[in-house]
Structure formats: C-alpha cells, structure tokens
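Student: Below is a structure I'd like to ask you about.
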Amino acid sequence: MKKICALFFCLLTYIVVGQGEKYVTVKRTFEVMGGAFDVTVISVDEELGNIYILEALAEVQRIEKLISSWDKASETSLINKNAGISPVSVSWELYKLIERSIQISEITKGAFDITYTALEDIWKFDGSMSTLPNNLEVKEAVSRTGYKNIILNSKDQTVYLNKKGMRISFGGIGKGFAADKAKALLVSKEVKAGIINLDGDITTWGTKATGDKWLIGIVNPERQGGLFSWLPILESSVATSGGDADFLLVNDEKFTHVLNPKTGFPSTGIKSVSVFAKSAELSDALATSIFVMGLEAGLALINQLGDTEVIIVDNKNKMCKSNGIILN
C-alpha cells in the first residue's frame with residue numbers, strides 16, 4: 001500500500017472541552033505486518049492513552065499471526081499446506097474473513113482474489129528479476145488460482161482449496177481487517193476517539209479533542225508533494241493502493257506489483273486508487289480490485305455501491321473521482 005495523504009495530529013496537546021474536562025491526544029508508531037502502524041487516541045490522560053495504544057498493537061499482532069501465510073503455525077498456512085488434500089477446520093473469525101473475501105471476488109468479477117498467491121512464484125518485486133516470466137510459466141501459475149476453488153463448509157467450519165499447489169494470502173485485505181479489529185477493540189473500551197493508520201489503511205472514530213473532524217490531505221498528482229484539497233474522515237475509512245510502492249523494471253519498462261489474478265500479469269493503466277468506505281477492510285479490498293479492474297470499470301462499480309467513494313489517478317497523472325467526492 002502507498003500513502004498519498006498527509007495527516008497531521010497534535011501529540012500530547014491538552015485541550016479543554018465540555019464541562020472543563022481535559023483530554024490528551026496520544027500518538028505512537030510501531031512496525032507491524034511489514035509496515036508502519038500509527039495509532040492516535042483521545043484519552044483522559046497520557047498513561048491511559050498509552051495503555052490503549054499497546055492493546056491495539058497486541059490486537060494487530062494477534063490478527064497478523066492468524067492470517068499470516070509466512071507463519072507455518074498459522075491457520076492460513078495450514079489451509080495452504082492441505083490444498084488438494086483435505087479441508088481444514090478454522091476459527092470463525094478467519095472463516096468469515098475468507099467468506100467476505102469471496103463475496104468481494106464475486107462483485108468485482110474476480111479482480112479481487114485471495115488465491116492470487118501462486119503468481120508470486122513467478123513474479124518478484126524485490127529487485128531479483130531481470131526478465132519477465134514466459135507465457136507458459138504464467139499460464140501454469142494462473143491454473144493454481146481462482147476463488148471459485150475455495151470450498152467453504154459452514155456446518156463444519158472448514159476451508160478447502162481443491163487444487164494442489166493453491167495458496168491463499170490476505171495482502172489485499174488483511175491490513176484493513178486488522179485496522180478494523182484494532183478500532184473495534186478500542187471502541188469497546190470506550191475510547192472517546194482516535195485514528196488508526198496501518199501502512200496506509202486508515203480508519204477513524206469520534207473527533208479530535210478540539211471537536212474538529214479528522215482530515216486527509218489529497219495530493220495533486222501533477223505537482224509533486226502538493227496538497228490541493230482536504231477531505232473529512234468521520235466514522236469512516238480510506239485505503240490506498242499504489243503502483244509505485246514496489247515495481248519491476250525490465251528493459252526500461254515499469255511493471256506494478258499489483259497482479260491481475262485472471263491474466264497472471266501486472267495491472268496497467270492506473271497509478272493509485274484511494275477508496276473511502278465505512279470499513280478499512282472493504283476500502284482495502286476495493287482499492288486493490290479497482291487497480292486491477294481499470295478506470296472505467298472501477299468508477300462504475302463504486303458509483304453503484306452505497307456509502308463508498310473513490311479517487312483514481314491514472315498513469316498519465318489524471319485524477320478521476322466517483323460521484324460523491326467533492327474537492328475544494
């Protein structure tokens with residue numbers, strides 16, 4: 001994920017509100033799930049605020065262990081290990097995440113697909129590749145993908161990948177899911193307000209200690225580093241998928257790390273996608289989907305969905321937005 005926003009907060013600034021009650025804004029940053037985890041909470045004092053933040057961190061670490069495809073002991077790894085062999089019993093939490101992922105695959109016509117992982121066998125965006133995989137390699141990898149090959153059994157609460165060599169991973173939805181879970185934990189503990197930013201997947205609740213709304217700055221793609229509008233994020237979320245974060249350069253041609261699970265090749269035509277929705281999970285998944293779907297299909301999808309908006313920047317730095325976005 002690539003951030004295209006600038007968020008500004010006051011750290012440990014006391015503000016008098018209401019009946020003389022004082023609140024403090026506490027912010028801390030950690031490294032988790034392969035990226036930066038920024039947590040800001042509005043609390044009655046700094047000590048309590050820090051306790052809340054550490055609880056949010058522990059929740060994200062718990063989710064990471066649950067969904068990690070790198071941790072050999074995780075439920076996700078167990079599902080992958082038993083692909084084409086047998087169904088695997090999983091926790092209800094993971095089962096429902098996979099179920100929601102399949103639903104998003106359906107509405108995006110396969111642009112979003114947690115079985116894309118087989119493509120990572122042939123595409124490397126760590127600087128180690130100097131040539132493109134050939135068509136036969138791509139075709140073989142694609143044969144081990146397809147969300148319709150995920151078999152769910154709600155009665156037994158099992159997940160089965162019906163092809164050998166299939167794997168699932170949650171790179172396009174996991175951080176949004178974790179951000180939502182951390183927010184839900186803090187809300188359950190009656191934390192007044194806050195904002196969570198997990199490597200560009202952002203979710204908020206309440207308002208700043210001043211009563212002002214949380215704001216996200218929209219970058220002008222034609223002016224490097226320049227902001228030209230601010231959007232309020234009130235009880236909402238935003239996630240950005242960007243092609244400049246990791247890429248492959250072959251013969252001076254740039255290939256984005258966002259892979260099309262249907263073709264097996266990198267997506268083209270879009271530079272970044274920012275989706276605004278009620279949950280960070282949905283924002284995350286739709287941002288990935290639209291990057292694959294392309295400009296016209298992506299806008300058409302968002303304009304049909306309720307309480308969801310998008311800003312898309314194409315590879316010519318042209319910005320397009322859904323019907324509900326109003327920029328100053």
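Chain identifiers are assigned as A, B, and so on, following the order in which chains appear in the structure tokens; residues are numbered from 1 within each chain, and ligands are numbered from 1 in order of appearance.
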List every residue of stretch 76-303 of chain A that DSSP, applied to the backbone of this structure, places in strand (DSSP E or B), and write the result as an NGL selection string.
Tutor: :A and (88-89 or 150-153 or 158-161 or 193-198 or 201-205 or 214-219 or 227-233 or 237-242 or 247-250 or 253-256 or 259 or 266 or 270-277)
Student: Going by DSSP on the backbone, which bits of stretch 43-96 of chain A are helix (DSSP H, G or I)? Write them as a CSV table (one decimal) with C-alpha atoms, in the first residue's frame, please.
Tutor:
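Saved the output as part06.csv:
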```csv
chain,number,residue,atom,x,y,z
A,46,GLU,CA,-1.3,10.1,28.7
A,47,GLU,CA,-0.8,6.9,30.7
A,48,LEU,CA,-4.2,5.5,29.9
A,49,GLY,CA,-3.8,6.5,26.3
A,50,ASN,CA,-0.6,4.6,26.0
A,51,ILE,CA,-2.3,1.5,27.6
A,52,TYR,CA,-5.0,1.7,24.9
A,53,ILE,CA,-2.4,2.0,22.2
A,54,LEU,CA,-0.5,-1.0,23.3
A,55,GLU,CA,-3.7,-3.0,23.5
A,56,ALA,CA,-4.4,-2.0,19.9
A,57,LEU,CA,-0.9,-3.1,18.9
A,58,ALA,CA,-1.5,-6.5,20.6
A,59,GLU,CA,-4.7,-6.9,18.6
A,60,VAL,CA,-3.0,-6.3,15.3
A,61,GLN,CA,-0.2,-8.7,16.2
A,62,ARG,CA,-2.9,-11.3,17.0
A,63,ILE,CA,-4.5,-10.8,13.6
A,64,GLU,CA,-1.2,-11.0,11.9
A,65,LYS,CA,-0.5,-14.4,13.4
A,66,LEU,CA,-4.0,-15.6,12.4
A,67,ILE,CA,-3.8,-14.6,8.7
A,75,GLU,CA,-4.4,-21.3,10.3
A,76,THR,CA,-3.8,-19.8,6.9
A,77,SER,CA,-0.6,-21.8,6.4
A,78,LEU,CA,-2.4,-25.0,7.4
A,79,ILE,CA,-5.1,-24.3,4.8
A,80,ASN,CA,-2.3,-23.9,2.2
A,81,LYS,CA,-0.5,-27.0,3.3
A,92,TRP,CA,-14.9,-18.5,13.0
A,93,GLU,CA,-13.0,-15.2,12.6
A,94,LEU,CA,-10.9,-16.5,9.8
A,95,TYR,CA,-13.7,-18.4,8.2
A,96,LYS,CA,-15.8,-15.2,7.9
```
Student: Pick out the residues sitting within 12 Å of A:Ala300, and hand them over as a list in words; count only C-alpha atoms, and ignore anything fewer than 5 positions along from it in its own chain.
Tutor: Ile107, Thr108, Ile290, Met293, Gly294, Leu295, Leu305, Thr308, Glu309, Val310, Cys320, Lys321, Ser322 and Asn323 of chain A
Student: When you count only C-alpha atoms, which of these residues is closest to A:Lys208: A:Val24, A:Met33, A:Leu259, A:Met166?
Tutor: A:Val24
Student: Taking into account only C-alpha atoms, which residue in the set A:Gly34, A:Pro232, A:Gly200, A:Gly127 is nearest to A:Leu215?
Tutor: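 Of all the options, A:Pro232 lies closest to A:Leu215.
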Student: Interatomic distance between atom CA of A:Ser267 and atom CA of A:Ser289?
Tutor: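 One can read the atom CA of A:Ser267 to atom CA of A:Ser289 distance as 10.3 Å.
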Student: Closest to A:Asp121 among A:Pro266, A:Gly324, A:Gly211, A:Pro133, using only C-alpha atoms?
Tutor: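 Residue with the minimum atom-to-atom distance to A:Asp121: A:Pro133.
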Student: What is the atom CA of A:Gly206 to atom CA of A:Asp180 distance in Å?
Tutor: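 That distance, rounded to one decimal, is 14.5 Å.
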Student: Just to confirm, what's the straight-line distance from atom CA of A:Glu137 to atom CA of A:Asp113 in Å (one decimal)?
Tutor: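 Taking atom CA of A:Glu137 as the start and atom CA of A:Asp113 as the end point, the length is 19.3 Å.
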Student: With 10 Å as the cut-off and only C-alpha atoms counted, what is the closest atom pair between each nearby residue of stretch 159-191 of chain A and stretch 35-40 of chain A? Distances in Å to one decimal, ordered by chain and number, as a Markdown table.
Tutor:
```
| residue | atom | partner | partner_atom | distance |
| --- | --- | --- | --- | --- |
| A:Lys175 | CA | A:Gly35 | CA | 9.5 |
| A:Ala179 | CA | A:Phe37 | CA | 9.1 |
| A:Ala182 | CA | A:Val39 | CA | 9.5 |
| A:Lys183 | CA | A:Val39 | CA | 9.6 |
```
Student: Would you write out those residues with N, CA, C and O atoms, as a PDB file, in the first residue's frame?
Tutor:
```pdb
ATOM      1  N   LYS A 175      -4.571  -5.968   6.061  1.00  0.00           N
ATOM      2  CA  LYS A 175      -4.249  -4.802   6.887  1.00  0.00           C
ATOM      3  C   LYS A 175      -5.506  -3.995   7.211  1.00  0.00           C
ATOM      4  O   LYS A 175      -5.644  -3.459   8.314  1.00  0.00           O
ATOM      5  N   ALA A 179      -6.846  -3.282  10.940  1.00  0.00           N
ATOM      6  CA  ALA A 179      -7.151  -1.925  11.394  1.00  0.00           C
ATOM      7  C   ALA A 179      -8.552  -1.851  11.981  1.00  0.00           C
ATOM      8  O   ALA A 179      -8.779  -1.221  13.023  1.00  0.00           O
ATOM      9  N   ALA A 182      -8.576  -3.515  15.439  1.00  0.00           N
ATOM     10  CA  ALA A 182      -7.968  -2.661  16.462  1.00  0.00           C
ATOM     11  C   ALA A 182      -8.927  -1.542  16.862  1.00  0.00           C
ATOM     12  O   ALA A 182      -9.080  -1.220  18.051  1.00  0.00           O
ATOM     13  N   LYS A 183      -9.591  -0.956  15.875  1.00  0.00           N
ATOM     14  CA  LYS A 183     -10.579   0.090  16.158  1.00  0.00           C
ATOM     15  C   LYS A 183     -11.725  -0.470  16.996  1.00  0.00           C
ATOM     16  O   LYS A 183     -12.141   0.161  17.996  1.00  0.00           O
TER      17      LYS A 183
END
```
Student: For A:Ile102, list every protein, DNA or RNA residue within 12 Å, evaluated using only C-alpha atoms, and leave out those in the same chain fewer than 2 positions away; present the list as a list in words.
Tutor: Tyr95, Lys96, Leu97, Ile98, Glu99, Arg100, Ile104, Ser105, Glu106, Ile107, Thr108, Lys109, Gly110, Ala111, Phe112, Asp113, Ile114, Thr115, Gly146, Tyr147, Lys148, Asn149, Ile150, Ile151, Leu152, Ile168, Phe170, Ile173 and Ala285 of chain A
Student: Grab the residues selected above and save them as a PDB file, in the first residue's frame with C-alpha atoms.
Tutor:
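The resulting file, result.pdb, is reproduced below:
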```
ATOM      1  CA  TYR A  95     -13.736 -18.394   8.190  1.00  0.00           C
ATOM      2  CA  LYS A  96     -15.828 -15.211   7.940  1.00  0.00           C
ATOM      3  CA  LEU A  97     -12.889 -13.202   6.556  1.00  0.00           C
ATOM      4  CA  ILE A  98     -12.476 -15.768   3.767  1.00  0.00           C
ATOM      5  CA  GLU A  99     -16.225 -15.749   3.164  1.00  0.00           C
ATOM      6  CA  ARG A 100     -16.240 -11.942   2.830  1.00  0.00           C
ATOM      7  CA  ILE A 104     -15.794  -9.237  -2.871  1.00  0.00           C
ATOM      8  CA  SER A 105     -14.395 -11.504  -5.592  1.00  0.00           C
ATOM      9  CA  GLU A 106     -17.954 -12.005  -6.831  1.00  0.00           C
ATOM     10  CA  ILE A 107     -18.848  -8.298  -7.022  1.00  0.00           C
ATOM     11  CA  THR A 108     -15.522  -7.437  -8.674  1.00  0.00           C
ATOM     12  CA  LYS A 109     -15.795 -10.362 -11.133  1.00  0.00           C
ATOM     13  CA  GLY A 110     -12.543 -11.882  -9.935  1.00  0.00           C
ATOM     14  CA  ALA A 111     -10.437  -8.708  -9.874  1.00  0.00           C
ATOM     15  CA  PHE A 112     -10.028  -9.362  -6.163  1.00  0.00           C
ATOM     16  CA  ASP A 113      -8.885 -12.890  -5.371  1.00  0.00           C
ATOM     17  CA  ILE A 114      -7.056 -14.152  -2.289  1.00  0.00           C
ATOM     18  CA  THR A 115      -5.779 -17.151  -4.315  1.00  0.00           C
ATOM     19  CA  GLY A 146      -9.315 -18.951  -8.717  1.00  0.00           C
ATOM     20  CA  TYR A 147     -11.547 -18.017  -5.804  1.00  0.00           C
ATOM     21  CA  LYS A 148     -14.203 -20.485  -7.003  1.00  0.00           C
ATOM     22  CA  ASN A 149     -11.795 -23.243  -5.982  1.00  0.00           C
ATOM     23  CA  ILE A 150     -12.163 -22.263  -2.335  1.00  0.00           C
ATOM     24  CA  ILE A 151     -14.704 -24.621  -0.794  1.00  0.00           C
ATOM     25  CA  LEU A 152     -16.327 -23.440   2.434  1.00  0.00           C
ATOM     26  CA  ILE A 168      -4.338 -18.016  -0.182  1.00  0.00           C
ATOM     27  CA  PHE A 170      -4.518 -11.602   2.527  1.00  0.00           C
ATOM     28  CA  ILE A 173      -7.450  -7.110   2.609  1.00  0.00           C
ATOM     29  CA  ALA A 285     -10.095  -4.807  -0.854  1.00  0.00           C
TER      30      ALA A 285
END
```
Student: Which one of A:Thr256, A:Ser69, A:Thr268, A:Ser279 sits closest to A:Arg167 if you count only C-alpha atoms?
Tutor: A:Ser69
Student: Quick one: everything within 10 Å of A:Lys271, counting only C-alpha atoms, minus sequence neighbours fewer than 6 positions away in the same chain. Send it as a short mmCIF file (atom, residue, chain, number, x, y, z; two decimals) with N, CA and C atoms, in the first residue's frame.
Tutor:
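Output file around.cif follows:
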```
data_model
loop_
_atom_site.label_atom_id
_atom_site.label_comp_id
_atom_site.auth_asym_id
_atom_site.auth_seq_id
_atom_site.Cartn_x
_atom_site.Cartn_y
_atom_site.Cartn_z
N PRO A 221 -1.53 15.07 -8.12
CA PRO A 221 -0.59 14.19 -8.83
C PRO A 221 0.28 14.92 -9.84
N SER A 241 -4.18 1.99 -2.78
CA SER A 241 -3.33 1.03 -3.47
C SER A 241 -2.53 1.80 -4.51
N GLY A 242 -1.20 1.69 -4.43
CA GLY A 242 -0.35 2.45 -5.35
C GLY A 242 0.64 1.57 -6.07
N GLY A 243 0.86 1.83 -7.33
CA GLY A 243 1.77 1.02 -8.13
C GLY A 243 3.22 1.41 -8.01
N ASP A 244 3.50 2.54 -7.33
CA ASP A 244 4.89 2.99 -7.22
C ASP A 244 5.59 2.42 -5.99
N THR A 256 3.96 -2.81 -12.35
CA THR A 256 3.48 -2.66 -10.99
C THR A 256 3.41 -4.00 -10.27
N PHE A 291 -7.71 -1.21 -8.90
CA PHE A 291 -6.41 -1.15 -9.59
C PHE A 291 -6.37 -2.18 -10.72
N ILE A 312 -9.20 8.04 -8.27
CA ILE A 312 -8.27 7.26 -9.08
C ILE A 312 -7.34 8.20 -9.83
N VAL A 313 -6.05 7.87 -9.80
CA VAL A 313 -5.06 8.60 -10.60
C VAL A 313 -4.52 7.63 -11.64
N ASP A 314 -4.68 7.98 -12.93
CA ASP A 314 -4.20 7.06 -13.97
C ASP A 314 -2.71 7.26 -14.22
N ASN A 315 -2.16 6.48 -15.14
CA ASN A 315 -0.71 6.53 -15.35
C ASN A 315 -0.26 7.78 -16.10
N LYS A 316 -1.22 8.63 -16.47
CA LYS A 316 -0.89 9.94 -17.06
C LYS A 316 -1.10 11.07 -16.06
N ASN A 317 -1.27 10.68 -14.78
CA ASN A 317 -1.48 11.63 -13.67
C ASN A 317 -2.81 12.37 -13.75
N LYS A 318 -3.76 11.82 -14.48
CA LYS A 318 -5.10 12.40 -14.50
C LYS A 318 -5.90 11.84 -13.33
N MET A 319 -6.55 12.74 -12.60
CA MET A 319 -7.35 12.32 -11.45
C MET A 319 -8.82 12.22 -11.82
#
```
Student: Kindly indicate which residue among A:Val292, A:Ile218, A:Ile325, A:Leu132 lies nearest to A:Gly172, using only C-alpha atoms for the distances.
Tutor: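 Nearest candidate to A:Gly172 out of A:Val292, A:Ile218, A:Ile325, A:Leu132: A:Val292.
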Student: For A:Thr29, which residue out of A:Val41, A:Thr158, A:Gly176, A:Thr203 is the nearest one, using only C-alpha atoms?
Tutor: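 Of A:Val41, A:Thr158, A:Gly176, A:Thr203, the one nearest A:Thr29, counting only C-alpha atoms, is A:Val41.
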Student: Quick one: residues within 10 Å of A:Glu140, only C-alpha atoms, excluding same-chain residues fewer than 2 positions away - as number ranges by chain?
Tutor: A: 118-119, 122, 135-138, 142-145, 264
Student: Using only all heavy atoms, please write the residues we just selected to a file, as a compact mmCIF listing (two decimals), in the first residue's frame.
Tutor:
```
# COMPACT_ATOMS: atom_id res chain seq x y z
N ALA A 118 -0.30 -17.84 -5.88
CA ALA A 118 0.53 -18.68 -6.76
C ALA A 118 1.33 -17.85 -7.75
O ALA A 118 2.41 -18.25 -8.21
CB ALA A 118 -0.35 -19.69 -7.50
N LEU A 119 0.82 -16.66 -8.09
CA LEU A 119 1.52 -15.79 -9.05
C LEU A 119 2.83 -15.26 -8.47
O LEU A 119 3.74 -14.89 -9.22
CB LEU A 119 0.62 -14.62 -9.44
CG LEU A 119 -0.71 -14.99 -10.12
CD1 LEU A 119 -1.54 -13.74 -10.37
CD2 LEU A 119 -0.46 -15.74 -11.42
N ILE A 122 6.27 -16.64 -9.60
CA ILE A 122 6.94 -16.27 -10.85
C ILE A 122 7.21 -14.77 -10.97
O ILE A 122 7.97 -14.34 -11.84
CB ILE A 122 6.13 -16.74 -12.08
CG1 ILE A 122 4.72 -16.14 -12.07
CG2 ILE A 122 6.08 -18.26 -12.14
CD1 ILE A 122 3.93 -16.39 -13.33
N ASN A 135 5.08 -17.06 -21.11
CA ASN A 135 3.64 -17.30 -21.10
C ASN A 135 3.27 -18.65 -20.48
O ASN A 135 2.23 -18.78 -19.82
CB ASN A 135 3.07 -17.21 -22.52
CG ASN A 135 3.06 -15.79 -23.04
OD1 ASN A 135 3.07 -14.84 -22.26
ND2 ASN A 135 3.06 -15.64 -24.35
N LEU A 136 4.11 -19.67 -20.69
CA LEU A 136 3.83 -20.98 -20.12
C LEU A 136 3.90 -20.94 -18.59
O LEU A 136 3.09 -21.55 -17.90
CB LEU A 136 4.81 -22.03 -20.68
CG LEU A 136 4.58 -22.48 -22.12
CD1 LEU A 136 5.66 -23.45 -22.56
CD2 LEU A 136 3.19 -23.12 -22.26
N GLU A 137 4.89 -20.20 -18.07
CA GLU A 137 5.03 -20.08 -16.62
C GLU A 137 3.82 -19.35 -16.03
O GLU A 137 3.29 -19.74 -14.98
CB GLU A 137 6.31 -19.32 -16.27
CG GLU A 137 7.58 -20.09 -16.57
CD GLU A 137 8.83 -19.26 -16.37
OE1 GLU A 137 8.82 -18.06 -16.76
OE2 GLU A 137 9.82 -19.79 -15.84
N VAL A 138 3.39 -18.31 -16.72
CA VAL A 138 2.23 -17.55 -16.25
C VAL A 138 0.98 -18.41 -16.29
O VAL A 138 0.19 -18.44 -15.34
CB VAL A 138 2.04 -16.27 -17.09
CG1 VAL A 138 0.74 -15.57 -16.71
CG2 VAL A 138 3.22 -15.32 -16.91
N VAL A 142 -1.43 -19.36 -13.13
CA VAL A 142 -2.85 -19.00 -13.14
C VAL A 142 -3.72 -20.23 -12.92
O VAL A 142 -4.79 -20.15 -12.29
CB VAL A 142 -3.23 -18.30 -14.47
CG1 VAL A 142 -4.73 -18.14 -14.60
CG2 VAL A 142 -2.56 -16.92 -14.55
N SER A 143 -3.27 -21.38 -13.38
CA SER A 143 -4.04 -22.61 -13.21
C SER A 143 -4.19 -22.99 -11.74
O SER A 143 -5.06 -23.79 -11.39
CB SER A 143 -3.39 -23.77 -13.98
OG SER A 143 -2.20 -24.22 -13.33
N ARG A 144 -3.35 -22.42 -10.89
CA ARG A 144 -3.42 -22.70 -9.45
C ARG A 144 -4.11 -21.58 -8.68
O ARG A 144 -3.94 -21.45 -7.46
CB ARG A 144 -2.02 -22.95 -8.90
CG ARG A 144 -1.38 -24.23 -9.42
CD ARG A 144 -0.03 -24.52 -8.80
NE ARG A 144 1.04 -23.72 -9.38
CZ ARG A 144 1.79 -22.86 -8.70
NH1 ARG A 144 1.56 -22.65 -7.42
NH2 ARG A 144 2.75 -22.18 -9.30
N THR A 145 -4.85 -20.74 -9.40
CA THR A 145 -5.59 -19.66 -8.75
C THR A 145 -7.09 -19.83 -9.02
O THR A 145 -7.49 -20.73 -9.75
CB THR A 145 -5.13 -18.28 -9.26
OG1 THR A 145 -5.53 -18.14 -10.64
CG2 THR A 145 -3.63 -18.12 -9.15
N GLY A 264 -2.69 -13.13 -14.82
CA GLY A 264 -1.39 -13.52 -14.30
C GLY A 264 -0.31 -12.48 -14.52
O GLY A 264 0.85 -12.67 -14.13
```
